[in-house]
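S.K.: Mind looking over this structure? Questions follow.
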Amino acid sequence: MIYPQNIGENLGIDELSLSKGELYTFVTNKSGKGKKKKLVAVIKGTKSQDIIDVLNKIPLDKRKLVKEITLDMANNIQLASRMCFPESSLVTDRFHVVKLVLDALQHQRIKLRWEAIEKENQAIKQAKEQGIKYIPITLENDDTPKQLLARSRYIIAKKQNQWTDNQKIRAELLFRNYPSLHQGYKHTLEFRNINEQSSREIAKEQILAWIEKTKSLKLNDFNTAANSLKYHLETILNFFVKRHTNANAESFNSKVKLFRANQRGVVDVKFFLFRMEKLFS
C-alpha cells in the first residue's frame with residue numbers, strides 16, 4: 001500500500017506486528033500528526049529488497065523531497081532508506097540507542113540473578129544432604145539476594161531522582177552487595193547524559209570516550225552495545241543536529257495497537273488495512 005501524495009520532508013519508519021507475529025513495515029509522515037495524510041506506505045515483511053521494491057514505485061521526484069528519516073538500528077531499514085530516499089539524512093532514534101545500553105545493564109543484572117539462584121540451589125542441596133533445614137539469606141529489607149536482583153529491574157532503569165523511598169533503600173542494598181552492577185549503572189547514566197548535548201561534535205567526542213571507557217572498565221555486558229554504537233555512529237550523531245526522534249512513528253504504532261485491541265484482534269488483515277487506509281491515508 002503506497003500513498004505518494006502523503007510524502008513529506010520528514011518521515012519515520014518502523015515495523016509493527018498486526019496478527020500472529022507477522023511484521024509489517026510502516027512509513028509515516030511526521031507532519032500528519034497521527035491523522036489524515038499520515039500514512040505513506042505499508043509493506044508486508046521487513047526484508048530490505050521488499051521495502052525497496054515497494055518504495056521505488058513512488059516517483060523519484062517525490063522521494064527526493066524527503067530530507068530526514070528517523071528509524072531504529074535495523075540494518076535492513078537503513079539500507080532501504082538509503083536506496084529509496086537519496087537526498088535524505090538518516091537519524092537513529094535516541095530511544096532505541098538508550099534502550100540498547102539499558103539492555104546491557106539489565107543483562108548484567110539478569111546474569112547476577114541467575115548466579116544467585118544457582119547459589120541458593122546449591123545451598124538447599126547441601127542442607128538436604130546434611131539433613132538440616134535450609135534458611136535462606138535475607139537482607140535488611142527482608143529480600144533474599146535473588147529477590148533483590150529481580151525487584152531491582154525498574155530501579156536501575158530510572159535515574160536516582162526518580163526513586164521512591166523504598167527504592168532508595170533497595171538500591172543502596174543492591175549496589176553495596178553488587179559493586180559491579182553499581183559500576184554498570186553509573187556507566188549507563190554517563191551515556192544517558194550525553195543525550196543532553198546540543199553539539200554534534202561534542203556528542204561525538206563523548207560517545208567515543210564512553211566506548212573507550214567501556215573497554216577499560218572491562219564491562220563485558222556493555223561491549224556489544226559499545227560496538228553497535230561505533231558501527232552506527234554517524235546516524236546516531238545526526239540526532240544532535242535537529243534532535244528529532246522516532247516518537248511520531250511509535251505514537252502511530254500505539255494507535256494501531258489500540259485500534260487492534262478495540263477490534264478484539266485482527267481476523268482479516270486485508271480488511272484491517274483497508275480500515276487503516278480510511279483513517280490515516
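Ligands are numbered from 1 in the order shown, chains are lettered A, B, ... in the order of the C-alpha cells, and residues start at 1 in each chain.
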If DSSP is run on the backbone, what residues of stretch 93-262 of chain A are alpha helix (DSSP H)? A reply as a PyMOL selection string would be ideal.
M.R.: chain A and resi 94-130+145-150+165-177+179-194+200-217+220-231+233-237+239-242+247-262
S.K.: Hey, what's within 7 Å of A:Lys44 if we count only C-alpha atoms and toss same-chain stuff fewer than 2 positions away? As a list in words, please?
M.R.: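 Listed by chain and then number, they are Leu23, Tyr24, Thr25, Val42 and Thr46 of chain A.
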S.K.: Go ahead and save the residues from that selection, with N, CA, C and O atoms, as an mmCIF file, in the first residue's frame.
M.R.:
data_model
loop_
_atom_site.group_PDB
_atom_site.id
_atom_site.type_symbol
_atom_site.label_atom_id
_atom_site.label_comp_id
_atom_site.auth_asym_id
_atom_site.auth_seq_id
_atom_site.Cartn_x
_atom_site.Cartn_y
_atom_site.Cartn_z
ATOM 1 N N LEU A 23 5.116 -9.360 10.781
ATOM 2 C CA LEU A 23 5.557 -7.965 10.817
ATOM 3 C C LEU A 23 5.251 -7.233 9.514
ATOM 4 O O LEU A 23 5.345 -7.793 8.419
ATOM 5 N N TYR A 24 4.894 -5.963 9.676
ATOM 6 C CA TYR A 24 4.700 -5.053 8.548
ATOM 7 C C TYR A 24 5.556 -3.814 8.784
ATOM 8 O O TYR A 24 5.730 -3.378 9.931
ATOM 9 N N THR A 25 6.088 -3.264 7.707
ATOM 10 C CA THR A 25 6.875 -2.037 7.792
ATOM 11 C C THR A 25 5.983 -0.853 7.439
ATOM 12 O O THR A 25 5.336 -0.851 6.389
ATOM 13 N N VAL A 42 2.733 0.988 3.475
ATOM 14 C CA VAL A 42 2.659 -0.193 4.334
ATOM 15 C C VAL A 42 3.192 -1.359 3.524
ATOM 16 O O VAL A 42 2.700 -1.634 2.427
ATOM 17 N N THR A 46 9.814 -7.358 6.493
ATOM 18 C CA THR A 46 10.884 -6.417 6.823
ATOM 19 C C THR A 46 12.122 -6.609 5.952
ATOM 20 O O THR A 46 13.158 -6.014 6.225
#
S.K.: Could you give me, as a list in words, the residues within 7 Å of stretch 216-221 of chain A, counting only C-alpha atoms and dropping anything in the same chain fewer than 4 positions from it?
M.R.: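 My list of contacting residues is Ala104, His107, Gln108 and Glu212 of chain A.
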S.K.: So that I can check the surroundings of A:Ile2, please list as number ranges by chain every protein, DNA and RNA residue that reaches within 10 Å of it, counting only C-alpha atoms and ignoring chain neighbours fewer than 2 positions away.
M.R.: A: 4-7, 27, 39-43, 54-55, 57-58, 277, 281
S.K.: Just to confirm, what's the straight-line distance from atom CA of A:Glu68 to atom CA of A:Glu9 in Å (one decimal)?
M.R.: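 Separation of atom CA of A:Glu68 and atom CA of A:Glu9: 6.4 Å.
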S.K.: I'd like a table as a Markdown table: residues in stretch 28-120 of chain A with an atom no more than 9 Å from stretch 172-192 of chain A, each row giving the shortest atom pair and its distance in Å to one decimal, only C-alpha atoms counted, sorted by chain and rising residue number.
M.R.:
| residue | atom | partner | partner_atom | distance |
| --- | --- | --- | --- | --- |
| A:Val98 | CA | A:Arg192 | CA | 6.6 |
| A:Val101 | CA | A:Thr188 | CA | 6.5 |
| A:Leu102 | CA | A:Thr188 | CA | 6.8 |
| A:Ala104 | CA | A:Gly184 | CA | 8.8 |
| A:Leu105 | CA | A:Gly184 | CA | 6.2 |
| A:Gln108 | CA | A:Leu181 | CA | 6.9 |
| A:Arg109 | CA | A:Leu181 | CA | 6.8 |
| A:Leu112 | CA | A:Tyr178 | CA | 8.4 |
S.K.: Just the strand (DSSP E or B) stuff from stretch 67-194 of chain A, please, per backbone DSSP, written as a compact mmCIF listing (two decimals) with all heavy atoms, in the first residue's frame.
M.R.:
# COMPACT_ATOMS: atom_id res chain seq x y z
N GLU A 68 14.83 14.04 5.81
CA GLU A 68 15.26 13.36 7.04
C GLU A 68 14.35 12.18 7.32
O GLU A 68 13.14 12.27 7.17
CB GLU A 68 15.24 14.35 8.21
CG GLU A 68 15.79 13.77 9.51
CD GLU A 68 15.74 14.78 10.64
OE1 GLU A 68 14.65 14.96 11.21
OE2 GLU A 68 16.78 15.37 10.95
N ILE A 69 14.96 11.07 7.74
CA ILE A 69 14.21 9.87 8.11
C ILE A 69 14.69 9.41 9.49
O ILE A 69 15.89 9.22 9.69
CB ILE A 69 14.42 8.73 7.09
CG1 ILE A 69 13.97 9.18 5.70
CG2 ILE A 69 13.65 7.49 7.52
CD1 ILE A 69 14.27 8.15 4.62
N THR A 70 13.77 9.23 10.41
CA THR A 70 14.11 8.68 11.72
C THR A 70 13.75 7.20 11.73
O THR A 70 12.68 6.81 11.25
CB THR A 70 13.38 9.41 12.86
OG1 THR A 70 11.98 9.43 12.58
CG2 THR A 70 13.88 10.83 13.00
N LEU A 71 14.63 6.38 12.30
CA LEU A 71 14.43 4.93 12.29
C LEU A 71 15.19 4.30 13.43
O LEU A 71 15.89 4.98 14.19
CB LEU A 71 14.89 4.35 10.94
CG LEU A 71 16.04 5.03 10.18
CD1 LEU A 71 17.36 4.86 10.89
CD2 LEU A 71 16.14 4.51 8.76
N SER A 89 18.72 12.45 5.12
CA SER A 89 19.68 12.18 6.20
C SER A 89 19.02 11.18 7.16
O SER A 89 17.87 11.37 7.56
CB SER A 89 20.02 13.48 6.94
OG SER A 89 20.75 13.21 8.12
N LEU A 90 19.74 10.13 7.52
CA LEU A 90 19.18 9.10 8.41
C LEU A 90 19.52 9.42 9.86
O LEU A 90 20.66 9.74 10.18
CB LEU A 90 19.73 7.72 8.05
CG LEU A 90 19.53 7.25 6.60
CD1 LEU A 90 19.98 5.80 6.46
CD2 LEU A 90 18.10 7.42 6.16
N VAL A 91 18.51 9.34 10.72
CA VAL A 91 18.67 9.64 12.14
C VAL A 91 18.25 8.43 12.95
O VAL A 91 17.09 8.02 12.92
CB VAL A 91 17.83 10.86 12.56
CG1 VAL A 91 18.03 11.15 14.05
CG2 VAL A 91 18.17 12.08 11.71
N THR A 92 19.21 7.83 13.65
CA THR A 92 18.88 6.72 14.53
C THR A 92 18.16 7.26 15.77
O THR A 92 18.64 8.17 16.43
CB THR A 92 20.14 5.95 14.97
OG1 THR A 92 20.77 5.42 13.80
CG2 THR A 92 19.80 4.80 15.91
S.K.: Between A:Lys64, A:Arg275, A:Lys37, A:His96, which is the closest to A:Ser228 once you count only C-alpha atoms?
M.R.: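 For A:Ser228, the nearest of the candidates is A:His96.
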S.K.: Using only C-alpha atoms, which of the listed residues (A:Leu65, A:Leu79, A:Ala249, A:Met276) sits closest to A:Leu16?
M.R.: A:Ala249
S.K.: Atom CA of A:Lys204 and atom CA of A:Pro86, how far apart in Å?
M.R.: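 Interatomic distance, atom CA of A:Pro86 to atom CA of A:Lys204: 24.3 Å.
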S.K.: Just to confirm, what's the straight-line distance from atom CA of A:Val97 to atom CA of A:Asn248 in Å (one decimal)?
M.R.: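 It comes out at 16.5 Å.
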S.K.: Find the residues near stretch 134-143 of chain A: any atom within 10 Å, counting only C-alpha atoms, skip ones fewer than 2 places away on the same chain, and give them as a PyMOL selection string.
M.R.: chain A and resi 120+123-128+130-132+145-151+166+169-170+173-174+177
S.K.: Got a sec: who's within 8 Å of stretch 239-244 of chain A, counting only C-alpha atoms, leaving out chain neighbours fewer than 5 positions off, as a JSON list (two decimals) with N, CA and C atoms, in the first residue's frame?
M.R.:
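Result file is around_24.json:
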[["chain", "number", "residue", "atom", "x", "y", "z"],
["A", 70, "THR", "N", 13.77, 9.23, 10.41],
["A", 70, "THR", "CA", 14.11, 8.68, 11.72],
["A", 70, "THR", "C", 13.75, 7.20, 11.73],
["A", 91, "VAL", "N", 18.51, 9.34, 10.72],
["A", 91, "VAL", "CA", 18.67, 9.64, 12.14],
["A", 91, "VAL", "C", 18.25, 8.43, 12.95],
["A", 92, "THR", "N", 19.21, 7.83, 13.65],
["A", 92, "THR", "CA", 18.88, 6.72, 14.53],
["A", 92, "THR", "C", 18.16, 7.26, 15.77],
["A", 93, "ASP", "N", 17.00, 6.67, 16.05],
["A", 93, "ASP", "CA", 16.17, 7.16, 17.15],
["A", 93, "ASP", "C", 16.90, 7.09, 18.49],
["A", 94, "ARG", "N", 16.85, 8.19, 19.23],
["A", 94, "ARG", "CA", 17.56, 8.28, 20.51],
["A", 94, "ARG", "C", 17.08, 7.22, 21.48],
["A", 197, "GLN", "N", 23.38, 16.84, 25.23],
["A", 197, "GLN", "CA", 24.22, 17.73, 24.44],
["A", 197, "GLN", "C", 23.47, 18.28, 23.23],
["A", 198, "SER", "N", 23.82, 19.48, 22.82],
["A", 198, "SER", "CA", 23.21, 20.09, 21.64],
["A", 198, "SER", "C", 24.21, 20.22, 20.49],
["A", 199, "SER", "N", 25.47, 19.87, 20.75],
["A", 199, "SER", "CA", 26.52, 19.96, 19.73],
["A", 199, "SER", "C", 26.87, 18.57, 19.21],
["A", 200, "ARG", "N", 26.85, 18.41, 17.91],
["A", 200, "ARG", "CA", 27.16, 17.13, 17.29],
["A", 200, "ARG", "C", 28.61, 16.73, 17.56],
["A", 203, "ALA", "N", 29.11, 15.71, 21.22],
["A", 203, "ALA", "CA", 28.47, 14.41, 21.43],
["A", 203, "ALA", "C", 29.33, 13.28, 20.85]]
S.K.: Skipping near chain neighbours, those fewer than 6 positions away, what residues fall within 8 Å of A:Val66 using only C-alpha atoms, listed as a VMD selection string?
M.R.: chain A and resid 7 to 11 85 87 to 88
